[in-house]
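Raw model.cif, mmCIF, C-alpha atoms and all ligand atoms:
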```cif
data_coords
#
loop_
_atom_site.label_atom_id
_atom_site.label_comp_id
_atom_site.auth_asym_id
_atom_site.auth_seq_id
_atom_site.Cartn_x
_atom_site.Cartn_y
_atom_site.Cartn_z
CA MET A 70 -22.49 -43.79 -16.34
CA ASP A 71 -25.33 -43.16 -18.81
CA VAL A 72 -27.61 -40.15 -18.57
CA PHE A 73 -30.48 -42.09 -16.99
CA ALA A 74 -28.27 -43.48 -14.23
CA LYS A 75 -26.90 -40.03 -13.43
CA VAL A 76 -30.37 -38.44 -13.44
CA LYS A 77 -31.67 -41.23 -11.26
CA ALA A 78 -28.89 -40.64 -8.73
CA LEU A 79 -29.74 -36.91 -8.63
CA ILE A 80 -33.45 -37.61 -8.19
CA VAL A 81 -32.84 -40.08 -5.37
CA ASP A 82 -30.60 -37.54 -3.68
CA GLN A 83 -32.70 -34.38 -4.25
CA LEU A 84 -36.19 -35.80 -3.77
CA SER A 85 -35.27 -38.51 -1.26
CA ALA A 86 -37.10 -40.79 -3.68
CA ASP A 87 -37.14 -44.59 -3.49
CA GLU A 88 -34.58 -45.80 -6.08
CA ALA A 89 -36.80 -48.65 -7.20
CA LYS A 90 -39.58 -46.21 -8.14
CA VAL A 91 -37.46 -44.01 -10.44
CA ALA A 92 -38.15 -45.10 -14.03
CA MET A 93 -38.39 -43.28 -17.39
CA GLU A 94 -42.18 -43.12 -17.50
CA VAL A 95 -42.67 -42.11 -13.86
CA SER A 96 -43.88 -38.55 -13.30
CA PHE A 97 -42.53 -36.19 -10.67
CA GLU A 98 -45.99 -35.96 -9.23
CA GLU A 99 -45.85 -39.71 -8.59
CA LEU A 100 -42.52 -39.15 -6.84
CA ASP A 101 -44.25 -36.60 -4.55
CA ALA A 102 -42.17 -33.71 -5.88
CA ASP A 103 -43.72 -30.25 -5.81
CA SER A 104 -42.78 -27.40 -8.15
CA LEU A 105 -39.93 -26.20 -5.96
CA ASP A 106 -38.48 -29.72 -5.66
CA ILE A 107 -38.37 -29.68 -9.44
CA VAL A 108 -36.63 -26.30 -9.44
CA GLU A 109 -34.01 -27.71 -7.07
CA LEU A 110 -33.63 -30.83 -9.20
CA VAL A 111 -33.20 -28.65 -12.29
CA MET A 112 -30.44 -26.75 -10.50
CA ALA A 113 -28.64 -30.00 -9.70
CA ILE A 114 -29.01 -31.16 -13.31
CA GLU A 115 -27.75 -27.82 -14.66
CA GLU A 116 -24.66 -28.13 -12.52
CA GLU A 117 -24.04 -31.83 -13.23
CA PHE A 118 -24.47 -31.55 -17.01
CA ASN A 119 -23.26 -27.96 -17.38
CA LEU A 120 -26.35 -26.63 -19.17
CA GLU A 121 -29.15 -24.16 -18.54
CA ILE A 122 -32.82 -25.06 -18.53
CA SER A 123 -35.13 -22.05 -18.83
CA ASP A 124 -38.36 -21.67 -16.84
CA GLU A 125 -40.49 -22.27 -19.95
CA GLU A 126 -38.65 -25.50 -20.64
CA VAL A 127 -39.09 -26.61 -17.05
CA GLU A 128 -42.86 -26.30 -17.53
CA ASN A 129 -42.68 -29.13 -20.08
CA ILE A 130 -40.82 -31.46 -17.76
CA LYS A 131 -43.32 -33.86 -16.25
CA THR A 132 -41.58 -37.25 -16.15
CA VAL A 133 -38.10 -38.65 -15.51
CA GLY A 134 -37.95 -39.48 -19.23
CA ASP A 135 -38.57 -35.79 -20.12
CA VAL A 136 -35.44 -34.87 -18.17
CA VAL A 137 -33.31 -37.62 -19.72
CA ARG A 138 -34.42 -36.69 -23.26
CA TYR A 139 -33.83 -32.99 -22.59
CA ILE A 140 -30.26 -33.68 -21.49
CA GLU A 141 -29.56 -36.02 -24.41
CA ASN A 142 -30.70 -33.32 -26.82
CA HIS A 143 -28.84 -30.41 -25.17
CA ALA A 144 -25.67 -31.64 -23.47
CA MET B 145 -4.06 6.88 8.09
CA LYS B 146 -5.09 4.82 11.10
CA LEU B 147 -8.20 2.73 10.46
CA HIS B 148 -10.66 2.03 13.26
CA GLY B 149 -12.45 -1.25 13.93
CA VAL B 150 -16.23 -1.10 13.44
CA GLY B 151 -18.67 -2.83 15.75
CA ILE B 152 -22.39 -3.29 16.30
CA LEU B 153 -23.02 -1.38 19.53
CA GLY B 154 -26.76 -1.98 19.70
CA VAL B 155 -29.72 -3.46 17.82
CA GLY B 156 -33.47 -2.99 17.74
CA SER B 157 -36.52 -3.92 15.72
CA ALA B 158 -40.11 -2.82 15.20
CA LEU B 159 -43.00 -4.92 13.95
CA PRO B 160 -46.59 -3.78 13.37
CA ALA B 161 -48.98 -5.34 15.90
CA ASN B 162 -51.41 -6.47 13.22
CA ILE B 163 -50.84 -10.19 12.44
CA VAL B 164 -52.24 -11.63 9.21
CA THR B 165 -52.23 -15.44 9.15
CA ASN B 166 -52.38 -17.73 6.14
CA SER B 167 -55.96 -18.58 7.06
CA ASP B 168 -56.80 -14.87 6.97
CA LEU B 169 -55.44 -14.80 3.40
CA GLU B 170 -57.54 -17.84 2.46
CA LYS B 171 -60.57 -15.59 2.97
CA THR B 172 -59.47 -13.02 0.41
CA MET B 173 -57.63 -15.04 -2.25
CA ASP B 174 -57.52 -18.48 -3.83
CA THR B 175 -54.77 -19.98 -1.67
CA SER B 176 -54.37 -22.34 1.26
CA ASP B 177 -52.45 -22.43 4.51
CA GLU B 178 -51.02 -25.78 3.40
CA TRP B 179 -49.69 -24.39 0.07
CA ILE B 180 -48.09 -21.37 1.71
CA ARG B 181 -46.48 -23.36 4.51
CA THR B 182 -45.06 -26.10 2.31
CA ARG B 183 -43.81 -23.77 -0.45
CA THR B 184 -42.46 -20.96 1.73
CA GLY B 185 -42.45 -21.86 5.44
CA ILE B 186 -44.50 -18.71 6.15
CA CYS B 187 -47.34 -19.00 8.69
CA GLU B 188 -48.10 -15.33 9.31
CA ARG B 189 -46.83 -11.83 8.55
CA ARG B 190 -47.24 -8.33 10.04
CA ILE B 191 -49.09 -5.64 8.13
CA ALA B 192 -48.75 -1.97 9.05
CA GLU B 193 -51.96 -0.09 9.78
CA ALA B 194 -52.97 2.79 7.54
CA GLY B 195 -51.04 5.89 8.56
CA VAL B 196 -48.00 3.92 9.75
CA ASN B 197 -45.19 4.51 7.27
CA THR B 198 -41.73 3.08 6.68
CA SER B 199 -40.14 5.97 8.61
CA ASP B 200 -42.34 5.26 11.66
CA LEU B 201 -41.18 1.65 11.88
CA ALA B 202 -37.60 2.77 11.22
CA VAL B 203 -37.74 5.33 14.07
CA GLU B 204 -39.04 2.75 16.54
CA ALA B 205 -36.29 0.26 15.63
CA ALA B 206 -33.64 3.01 15.72
CA GLN B 207 -34.68 4.21 19.20
CA LEU B 208 -34.35 0.68 20.55
CA ALA B 209 -30.92 0.28 18.93
CA MET B 210 -29.74 3.58 20.44
CA ALA B 211 -31.04 2.59 23.89
CA ASP B 212 -29.37 -0.82 23.54
CA ALA B 213 -26.07 0.88 22.71
CA GLY B 214 -26.47 3.64 25.31
CA VAL B 215 -25.90 6.30 22.68
CA GLU B 216 -27.78 9.62 22.74
CA VAL B 217 -29.56 10.92 19.69
CA GLU B 218 -27.26 13.98 19.44
CA GLU B 219 -24.31 11.61 19.05
CA ILE B 220 -25.63 10.13 15.79
CA ASP B 221 -23.49 11.31 12.85
CA LEU B 222 -25.15 9.45 10.02
CA ILE B 223 -28.46 7.69 9.34
CA ILE B 224 -28.71 5.25 6.45
CA VAL B 225 -32.10 3.75 5.65
CA ALA B 226 -32.18 0.73 3.35
CA THR B 227 -35.62 0.43 1.78
CA VAL B 228 -37.55 -0.20 -1.43
CA THR B 229 -40.70 1.24 0.12
CA PRO B 230 -39.78 4.85 0.96
CA ASP B 231 -42.44 7.10 2.52
CA VAL B 232 -42.30 9.20 -0.68
CA ASN B 233 -40.06 9.16 -3.76
CA MET B 234 -38.44 12.42 -2.70
CA PRO B 235 -36.87 13.15 -0.25
CA SER B 236 -35.24 10.14 1.35
CA THR B 237 -36.92 8.23 4.15
CA ALA B 238 -33.71 8.72 6.15
CA CYS B 239 -34.45 12.48 6.28
CA TYR B 240 -37.89 11.83 7.78
CA VAL B 241 -36.28 9.46 10.27
CA GLN B 242 -33.71 12.10 11.18
CA ALA B 243 -36.47 14.65 11.84
CA LYS B 244 -38.63 12.27 13.87
CA LEU B 245 -35.66 11.14 15.96
CA GLY B 246 -34.41 14.70 16.44
CA ALA B 247 -30.97 13.59 15.27
CA VAL B 248 -29.88 17.17 14.69
CA ASN B 249 -26.22 16.35 14.09
CA ALA B 250 -26.81 13.57 11.60
CA THR B 251 -26.49 13.41 7.83
CA ALA B 252 -29.13 11.16 6.29
CA PHE B 253 -29.63 9.23 3.06
CA ASP B 254 -31.27 6.08 1.69
CA ILE B 255 -29.84 3.03 -0.01
CA ASN B 256 -31.82 1.01 -2.52
CA ALA B 257 -30.45 -2.52 -2.71
CA ALA B 258 -33.75 -4.30 -2.03
CA CYS B 259 -33.43 -7.35 0.21
CA THR B 260 -29.63 -6.94 0.36
CA GLY B 261 -30.10 -3.35 1.57
CA PHE B 262 -29.11 -3.90 5.18
CA ILE B 263 -25.81 -5.55 4.17
CA TYR B 264 -25.13 -2.68 1.77
CA ALA B 265 -25.92 -0.16 4.52
CA MET B 266 -23.59 -1.99 6.88
CA SER B 267 -20.79 -1.87 4.35
CA VAL B 268 -21.30 1.80 3.49
CA GLY B 269 -21.81 2.90 7.10
CA SER B 270 -18.68 1.05 8.20
CA GLN B 271 -16.45 3.02 5.84
CA PHE B 272 -17.15 6.31 7.63
CA ILE B 273 -16.30 4.83 11.01
CA LYS B 274 -13.23 3.02 9.70
CA THR B 275 -11.72 6.28 8.41
CA GLY B 276 -12.64 8.21 11.52
CA ALA B 277 -14.98 10.57 9.64
CA TYR B 278 -17.92 9.59 11.90
CA ARG B 279 -18.29 7.97 15.31
CA HIS B 280 -21.90 6.72 15.33
CA VAL B 281 -23.86 5.49 12.33
CA LEU B 282 -27.43 4.24 12.48
CA ILE B 283 -28.22 1.68 9.79
CA ILE B 284 -31.86 0.74 9.38
CA GLY B 285 -33.67 -1.75 7.12
CA ALA B 286 -37.34 -0.73 7.00
CA GLU B 287 -40.22 -1.72 4.73
CA VAL B 288 -43.95 -1.44 4.30
CA LEU B 289 -44.14 -3.95 1.46
CA SER B 290 -47.84 -4.56 2.00
CA ARG B 291 -48.46 -1.34 0.02
CA VAL B 292 -46.46 -2.39 -3.05
CA VAL B 293 -47.61 -6.00 -3.37
CA ASP B 294 -50.45 -6.81 -5.69
CA TRP B 295 -53.08 -8.36 -3.42
CA SER B 296 -54.71 -9.86 -6.51
CA ASP B 297 -51.52 -11.82 -7.37
CA ARG B 298 -51.40 -14.81 -5.04
CA SER B 299 -47.91 -15.87 -6.15
CA THR B 300 -46.34 -12.74 -4.63
CA ALA B 301 -48.87 -11.42 -2.10
CA ILE B 302 -48.40 -14.32 0.29
CA LEU B 303 -44.65 -13.79 0.55
CA PHE B 304 -44.17 -10.33 2.01
CA GLY B 305 -44.58 -8.52 5.31
CA ASP B 306 -43.80 -5.20 7.02
CA GLY B 307 -41.20 -4.38 9.66
CA ALA B 308 -37.94 -2.64 10.51
CA GLY B 309 -34.62 -3.51 12.12
CA ALA B 310 -31.75 -1.25 13.09
CA ALA B 311 -28.16 -1.46 14.24
CA LEU B 312 -25.99 1.24 15.74
CA LEU B 313 -22.44 1.09 14.40
CA GLY B 314 -19.49 2.57 16.27
CA ARG B 315 -15.84 1.94 16.99
CA ALA B 316 -14.68 -1.52 18.07
CA ALA B 317 -11.39 -3.10 19.07
CA GLU B 318 -9.34 -4.70 16.33
CA GLY B 319 -10.47 -8.25 15.49
CA GLU B 320 -13.99 -7.52 16.78
CA GLY B 321 -17.14 -6.28 15.11
CA ILE B 322 -17.64 -6.15 11.35
CA LEU B 323 -14.66 -8.05 9.98
CA ASN B 324 -15.59 -8.11 6.30
CA CYS B 325 -18.38 -7.16 3.90
CA LYS B 326 -18.68 -8.57 0.41
CA LEU B 327 -21.21 -7.08 -2.02
CA GLY B 328 -22.27 -7.92 -5.56
CA SER B 329 -24.75 -6.80 -8.24
CA ASP B 330 -25.92 -7.96 -11.66
CA GLY B 331 -28.14 -5.36 -13.31
CA ASN B 332 -28.63 -7.59 -16.36
CA LEU B 333 -31.13 -9.49 -14.24
CA ALA B 334 -33.10 -6.45 -13.06
CA HIS B 335 -36.22 -7.69 -14.89
CA LEU B 336 -36.58 -10.72 -12.61
CA LEU B 337 -37.89 -8.64 -9.69
CA TYR B 338 -39.07 -5.04 -10.08
CA ILE B 339 -41.86 -2.48 -9.92
CA PRO B 340 -42.49 -1.31 -13.51
CA ALA B 341 -44.11 2.10 -13.07
CA GLY B 342 -43.82 5.15 -10.86
CA GLY B 343 -40.31 6.18 -11.90
CA VAL B 344 -39.41 8.42 -14.84
CA LYS B 345 -39.45 5.51 -17.30
CA ILE B 346 -43.17 4.92 -16.82
CA PRO B 347 -44.59 7.81 -14.76
CA ALA B 348 -47.76 7.19 -12.81
CA CYS B 349 -50.93 7.76 -14.80
CA LYS B 350 -54.46 6.39 -14.95
CA GLU B 351 -53.41 3.46 -17.18
CA THR B 352 -50.47 2.40 -15.00
CA VAL B 353 -52.79 2.26 -12.02
CA GLU B 354 -55.44 0.30 -13.94
CA GLU B 355 -52.81 -2.11 -15.25
CA ARG B 356 -51.44 -2.64 -11.73
CA GLN B 357 -47.97 -1.52 -12.83
CA HIS B 358 -47.13 -0.05 -9.43
CA PHE B 359 -46.81 -3.43 -7.77
CA ILE B 360 -43.97 -5.97 -7.45
CA LYS B 361 -43.48 -8.24 -10.48
CA MET B 362 -41.39 -11.32 -9.91
CA SER B 363 -40.07 -14.35 -11.81
CA GLY B 364 -40.26 -16.59 -8.75
CA ASN B 365 -38.42 -19.65 -9.93
CA GLU B 366 -35.52 -17.74 -11.51
CA ILE B 367 -35.13 -15.80 -8.26
CA PHE B 368 -35.27 -19.04 -6.31
CA LYS B 369 -32.37 -20.52 -8.28
CA PHE B 370 -30.32 -17.34 -8.07
CA ALA B 371 -30.91 -17.04 -4.33
CA VAL B 372 -29.94 -20.61 -3.50
CA ARG B 373 -26.69 -20.31 -5.45
CA ALA B 374 -25.77 -16.76 -4.42
CA MET B 375 -26.28 -17.25 -0.71
CA GLY B 376 -23.73 -19.98 -0.10
CA GLU B 377 -21.24 -18.51 -2.56
CA VAL B 378 -21.10 -14.98 -1.15
CA ALA B 379 -21.09 -16.22 2.47
CA ALA B 380 -18.17 -18.54 1.72
CA GLU B 381 -16.28 -15.78 -0.14
CA ALA B 382 -16.75 -13.24 2.66
CA LEU B 383 -15.28 -15.74 5.13
CA LYS B 384 -12.47 -16.87 2.84
CA GLU B 385 -11.26 -13.33 2.14
CA ILE B 386 -10.28 -12.99 5.80
CA GLY B 387 -8.90 -16.50 6.15
CA LEU B 388 -11.96 -18.07 7.80
CA ASP B 389 -14.32 -20.81 6.73
CA LYS B 390 -17.74 -22.10 7.68
CA GLU B 391 -16.35 -24.14 10.58
CA ASP B 392 -15.37 -20.86 12.28
CA MET B 393 -18.90 -19.51 12.00
CA ASP B 394 -21.33 -19.87 14.90
CA PHE B 395 -24.49 -18.71 13.10
CA LEU B 396 -25.66 -17.88 9.61
CA ILE B 397 -28.33 -15.17 9.53
CA PRO B 398 -29.80 -15.33 6.02
CA HIS B 399 -32.30 -13.05 4.35
CA GLN B 400 -35.72 -14.57 5.02
CA ALA B 401 -37.34 -14.87 1.59
CA ASN B 402 -38.48 -18.47 1.56
CA HIS B 403 -37.69 -21.29 3.96
CA ARG B 404 -37.17 -23.58 0.97
CA ILE B 405 -34.41 -21.23 -0.28
CA ILE B 406 -32.78 -21.17 3.15
CA GLU B 407 -32.93 -24.97 3.40
CA ALA B 408 -31.58 -25.59 -0.10
CA ALA B 409 -28.72 -23.14 0.51
CA ARG B 410 -28.00 -24.60 3.94
CA LYS B 411 -27.67 -28.12 2.53
CA ARG B 412 -25.36 -26.94 -0.23
CA PHE B 413 -23.30 -25.04 2.29
CA GLY B 414 -23.15 -28.15 4.48
CA LEU B 415 -24.43 -26.54 7.68
CA PRO B 416 -26.46 -28.18 10.46
CA GLU B 417 -29.95 -26.72 10.92
CA ASP B 418 -29.24 -25.37 14.40
CA ARG B 419 -26.65 -22.93 13.06
CA VAL B 420 -29.05 -21.09 10.80
CA ILE B 421 -31.38 -18.40 12.20
CA VAL B 422 -34.92 -18.63 10.80
CA ASN B 423 -37.94 -16.46 11.62
CA ILE B 424 -39.69 -16.35 8.24
CA ASN B 425 -42.56 -18.41 9.68
CA ARG B 426 -43.64 -15.37 11.73
CA TYR B 427 -42.87 -12.45 9.41
CA GLY B 428 -42.58 -13.52 5.77
CA ASN B 429 -40.12 -11.61 3.60
CA MET B 430 -39.56 -8.08 4.95
CA SER B 431 -36.90 -7.25 2.36
CA ALA B 432 -34.23 -4.98 3.90
CA ALA B 433 -35.75 -5.47 7.37
CA SER B 434 -35.50 -9.28 7.46
CA ILE B 435 -31.83 -9.61 8.40
CA PRO B 436 -31.73 -6.94 11.14
CA VAL B 437 -34.98 -8.22 12.70
CA ALA B 438 -33.56 -11.76 12.74
CA LEU B 439 -30.30 -10.44 14.25
CA ASP B 440 -32.13 -8.46 16.93
CA GLU B 441 -34.30 -11.44 17.90
CA ALA B 442 -31.36 -13.83 17.97
CA ILE B 443 -29.44 -11.50 20.30
CA ARG B 444 -32.43 -10.70 22.52
CA SER B 445 -33.37 -14.37 22.95
CA GLY B 446 -29.79 -15.17 24.01
CA ARG B 447 -29.29 -17.60 21.16
CA VAL B 448 -26.52 -15.44 19.71
CA LYS B 449 -23.97 -14.12 22.22
CA ARG B 450 -21.19 -11.55 22.38
CA GLY B 451 -18.08 -13.15 20.88
CA ASP B 452 -20.00 -15.32 18.40
CA LEU B 453 -18.94 -15.25 14.76
CA LEU B 454 -21.95 -14.44 12.56
CA VAL B 455 -22.38 -14.33 8.82
CA LEU B 456 -25.28 -12.16 7.61
CA VAL B 457 -26.17 -12.92 4.02
CA GLY B 458 -28.72 -11.40 1.66
CA PHE B 459 -29.91 -11.40 -1.96
CA GLY B 460 -32.60 -9.52 -3.78
CA ALA B 461 -33.79 -7.28 -6.57
CA GLY B 462 -31.10 -5.66 -8.69
CA LEU B 463 -30.07 -8.34 -8.64
CA THR B 464 -27.95 -7.72 -5.58
CA TRP B 465 -26.29 -9.95 -3.03
CA GLY B 466 -23.94 -9.53 -0.10
CA ALA B 467 -22.55 -10.97 3.10
CA ALA B 468 -21.09 -9.53 6.28
CA VAL B 469 -18.85 -11.39 8.71
CA VAL B 470 -19.34 -10.09 12.25
CA ARG B 471 -17.63 -10.99 15.52
CA LEU B 472 -20.36 -9.78 17.84
C1 LIG C 501 -42.90 -17.71 -5.32
C2 LIG C 501 -42.62 -19.19 -5.17
C3 LIG C 501 -43.01 -19.66 -3.77
C4 LIG C 501 -43.45 -19.92 -6.20
O1 LIG C 501 -43.19 -21.29 -6.10
P1 LIG C 501 -43.71 -22.37 -7.18
O2 LIG C 501 -44.40 -23.43 -6.43
O3 LIG C 501 -42.60 -22.76 -8.05
O4 LIG C 501 -44.76 -21.50 -7.94
P2 LIG C 501 -45.28 -21.50 -9.41
O5 LIG C 501 -45.44 -20.08 -9.76
O6 LIG C 501 -44.49 -22.37 -10.29
O7 LIG C 501 -46.70 -22.11 -9.16
C5 LIG C 501 -46.96 -23.45 -8.93
C6 LIG C 501 -48.44 -23.60 -8.81
O8 LIG C 501 -48.90 -23.05 -7.57
C7 LIG C 501 -49.90 -22.08 -7.79
N1 LIG C 501 -49.78 -21.02 -6.80
C8 LIG C 501 -49.00 -19.93 -6.84
N2 LIG C 501 -49.20 -19.20 -5.74
C9 LIG C 501 -50.10 -19.83 -5.00
C10 LIG C 501 -50.72 -19.56 -3.76
N3 LIG C 501 -50.43 -18.47 -3.04
N4 LIG C 501 -51.62 -20.44 -3.29
C11 LIG C 501 -51.93 -21.52 -3.97
N5 LIG C 501 -51.40 -21.83 -5.16
C12 LIG C 501 -50.49 -21.00 -5.67
C13 LIG C 501 -49.63 -21.59 -9.19
O9 LIG C 501 -50.77 -21.01 -9.75
C14 LIG C 501 -49.22 -22.84 -9.88
O10 LIG C 501 -50.35 -23.62 -10.19
P3 LIG C 501 -50.48 -24.34 -11.61
O11 LIG C 501 -49.29 -25.22 -11.72
O12 LIG C 501 -51.77 -25.02 -11.47
O13 LIG C 501 -50.46 -23.20 -12.58
C15 LIG C 501 -41.13 -19.50 -5.41
O14 LIG C 501 -40.84 -19.39 -6.76
C16 LIG C 501 -40.21 -18.59 -4.64
O15 LIG C 501 -40.24 -18.52 -3.46
N6 LIG C 501 -39.32 -17.90 -5.34
C17 LIG C 501 -38.41 -16.96 -4.75
C18 LIG C 501 -39.13 -15.65 -4.51
C19 LIG C 501 -38.41 -14.75 -3.59
O16 LIG C 501 -37.87 -15.17 -2.60
N7 LIG C 501 -38.41 -13.46 -3.91
C20 LIG C 501 -37.83 -12.44 -3.14
C21 LIG C 501 -36.35 -12.49 -3.20
S1 LIG C 501 -35.66 -11.27 -2.22
#
```
Output the file's structure as structure tokens, nothing else.
Amino acid sequence: MDVFAKVKALIVDQLSADEAKVAMEVSFEELDADSLDIVELVMAIEEEFNLEISDEEVENIKTVGDVVRYIENHA
Amino acid sequence: MKLHGVGILGVGSALPANIVTNSDLEKTMDTSDEWIRTRTGICERRIAEAGVNTSDLAVEAAQLAMADAGVEVEEIDLIIVATVTPDVNMPSTACYVQAKLGAVNATAFDINAACTGFIYAMSVGSQFIKTGAYRHVLIIGAEVLSRVVDWSDRSTAILFGDGAGAALLGRAAEGEGILNCKLGSDGNLAHLLYIPAGGVKIPACKETVEERQHFIKMSGNEIFKFAVRAMGEVAAEALKEIGLDKEDMDFLIPHQANHRIIEAARKRFGLPEDRVIVNINRYGNMSAASIPVALDEAIRSGRVKRGDLLVLVGFGAGLTWGAAVVRL
């Protein structure tokens, strides 16, 4: 499975988001996620991809694409 | 040496009468009831009136626990107070509690393990009963956090409240009472939640007061992640060490820091909602007092009954974490 597909599965699971709405350019705000939803999503991503995302880095994560690019650059 | 079983003979709690709702806070800071509820699950908290100190709340909770157990004050051998908000830095709050109770035969000391304090006190207190050194140990989690939160910092001020909870520990039959305690600490993460000044490192002075260095500083999101992970892990370990698992447990009584933390941990742990005790909506985070107050309420309301298997689990500044498995 590619990174996007895995991230999408985590987002659908964590945020109870509609699968059809999850696309690279979509922001978490548009997915109705608040800051703590994002923290929980980050935890799931850290565990799935075995990496650590610091608080400062989380601040820069606004869209699904930001997450996918972060993982591609760090995993 | 013969080891004795250790049980919870009685419980009690004390909460200041003064209720401060989220809407009350809206009047003094830039926040909203909606934000606080959705991010934390807190609706209101109790705030101690001026002149009411940690030892006063502790004494009230302790007296109820003694009455519940039917144990006289002269029979108390040891008093342990878990707190991060002692009446004064020296001596211990437990000594003030001893004096106010008139517990003339008791030894008294404090434990500082922040929100895990009650679990630490339970573990430490149990050892004396197990070995036969003492018969009756009062463990108390008591806090007046409203005097160490920065009321100009909305990200922490909304979270905390004041209160106290106590349990009276004594001998129990084998296979009953406190079956296992599991504790942990990681001092490398001390900086995530602490009060910078007022100790010997940065003694109190005019500047520290002006710079608001005597109040709680917290990295909220880091603590959130730690708490969600630590809670399920230590609860599962405490059960596993004695050959039990979550299916054997009737209720989880978690530290009440944030309902979102409790929910995230519950889902990871795979527990139904009705097996987790929650009262954060009414009290906020009372640090060491949260778990014993939740325990006392759950017993008093009849939700938790004698014979039930409980897991008490906490996490907090230190960082510290811990769980206790109790057959009530
Ligand atoms: C404190 C906590 C609720 C903060 O959650 P969060 O939503 O991630 O908070 P953030 O600090 O990222 O702030 C998000 C936004 O809400 C704002 N905010 C913070 N507190 C607010 C409040 N009381 N009212 C309204 N808005 C608030 C912030 O300013 C920020 O706004 P911005 O994005 O425009 O800058 C959360 O991190 C938490 O509960 N952590 C665990 C703390 C804990 O339990 N400690 C004790 C352990 S024993």
Exercise answer, chain B residues close to chain A, 10 Å and all atoms listed in the file, as number ranges by chain: B: 182-184, 363-366, 368-370, 372-373, 404-405, 408
So that I have them on file, write out the residues from the current selection with C-alpha atoms, as a CSV table (one decimal), keeping the file's coordinate frame.
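Output below, filename again-v4.csv:
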```csv
chain,number,residue,atom,x,y,z
B,182,THR,CA,-45.1,-26.1,2.3
B,183,ARG,CA,-43.8,-23.8,-0.4
B,184,THR,CA,-42.5,-21.0,1.7
B,363,SER,CA,-40.1,-14.4,-11.8
B,364,GLY,CA,-40.3,-16.6,-8.8
B,365,ASN,CA,-38.4,-19.6,-9.9
B,366,GLU,CA,-35.5,-17.7,-11.5
B,368,PHE,CA,-35.3,-19.0,-6.3
B,369,LYS,CA,-32.4,-20.5,-8.3
B,370,PHE,CA,-30.3,-17.3,-8.1
B,372,VAL,CA,-29.9,-20.6,-3.5
B,373,ARG,CA,-26.7,-20.3,-5.4
B,404,ARG,CA,-37.2,-23.6,1.0
B,405,ILE,CA,-34.4,-21.2,-0.3
B,408,ALA,CA,-31.6,-25.6,-0.1
```
Surrounding residues of Val196 of chain B excluding itself and chain neighbours under 6 positions, 12 Å, all atoms listed in the file, as a list of chain:residue names: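 In the requested form, the answer reads B:Ala158, B:Leu159, B:Pro160, B:Ala161, B:Asn162, B:Ala202, B:Val203, B:Glu204, B:Asp231, B:Ala286, B:Glu287, B:Val288, B:Ser290, B:Arg291, B:Asp306, B:Gly307.
Atom pair atom CA of Arg450 of chain B / atom CA of Lys274 of chain B: separated by 20.9 Å.
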Go through chain B residue by residue and, counting only C-alpha atoms and all ligand atoms, keep those with an atom at most 7 Å from ligand LIG 501 (chain C); for each kept residue give the shortest atom pair and its distance in Å to one decimal, ordered by chain and increasing number, as a tab-separated table.
```
residue	atom	partner	partner_atom	distance
B:Asp174	CA	C:LIG501	N4	6.2
B:Thr175	CA	C:LIG501	N4	3.6
B:Ser176	CA	C:LIG501	N4	5.6
B:Trp179	CA	C:LIG501	C11	5.4
B:Ile180	CA	C:LIG501	N3	6.0
B:Arg183	CA	C:LIG501	C3	5.3
B:Thr184	CA	C:LIG501	C3	5.7
B:Cys259	CA	C:LIG501	S1	5.1
B:Arg298	CA	C:LIG501	N3	4.3
B:Ser299	CA	C:LIG501	N2	3.6
B:Thr300	CA	C:LIG501	C1	6.1
B:Ile302	CA	C:LIG501	N3	5.7
B:Gly364	CA	C:LIG501	O14	3.5
B:Asn365	CA	C:LIG501	O14	4.0
B:Ile367	CA	C:LIG501	C17	4.9
B:Phe368	CA	C:LIG501	C17	4.1
B:Ala401	CA	C:LIG501	O16	4.2
B:Asn402	CA	C:LIG501	O15	5.3
B:Ser431	CA	C:LIG501	S1	6.2
B:Phe459	CA	C:LIG501	S1	5.8
B:Gly460	CA	C:LIG501	S1	3.9
B:Ala461	CA	C:LIG501	S1	6.2
```
Which neighbours of Ala438 of chain B fall inside 8 Å, counting all atoms listed in the file, when residues of the same chain fewer than 5 positions from it are skipped, and could you give them as a PDB file with C-alpha atoms, keeping the file's coordinate frame?
```pdb
ATOM      1  CA  ILE B 397     -28.330 -15.170   9.530  1.00  0.00           C
ATOM      2  CA  ILE B 421     -31.380 -18.400  12.200  1.00  0.00           C
ATOM      3  CA  VAL B 422     -34.920 -18.630  10.800  1.00  0.00           C
ATOM      4  CA  ASN B 423     -37.940 -16.460  11.620  1.00  0.00           C
TER       5      ASN B 423
END
```
Expected answer as a PyMOL selection string: all residues with atoms within 9 Å of (-11.9, 0.6, 8.8), only C-alpha atoms: chain B and resi 146-150+270-276
Determine, counting all atoms listed in the file, which protein, DNA and RNA residues have an atom within 12 Å of an atom of Ala89 of chain A; residues of the same chain fewer than 6 positions away are not included. Present the result as a short mmCIF file (atom, residue, chain, number, x, y, z; two decimals) with C-alpha atoms, in the frame of the given file.
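Output file around.cif is given in full below:
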```cif
data_model
loop_
_atom_site.label_atom_id
_atom_site.label_comp_id
_atom_site.auth_asym_id
_atom_site.auth_seq_id
_atom_site.Cartn_x
_atom_site.Cartn_y
_atom_site.Cartn_z
CA LYS A 77 -31.67 -41.23 -11.26
CA ALA A 78 -28.89 -40.64 -8.73
CA ILE A 80 -33.45 -37.61 -8.19
CA VAL A 81 -32.84 -40.08 -5.37
CA VAL A 95 -42.67 -42.11 -13.86
CA LEU A 100 -42.52 -39.15 -6.84
#
```
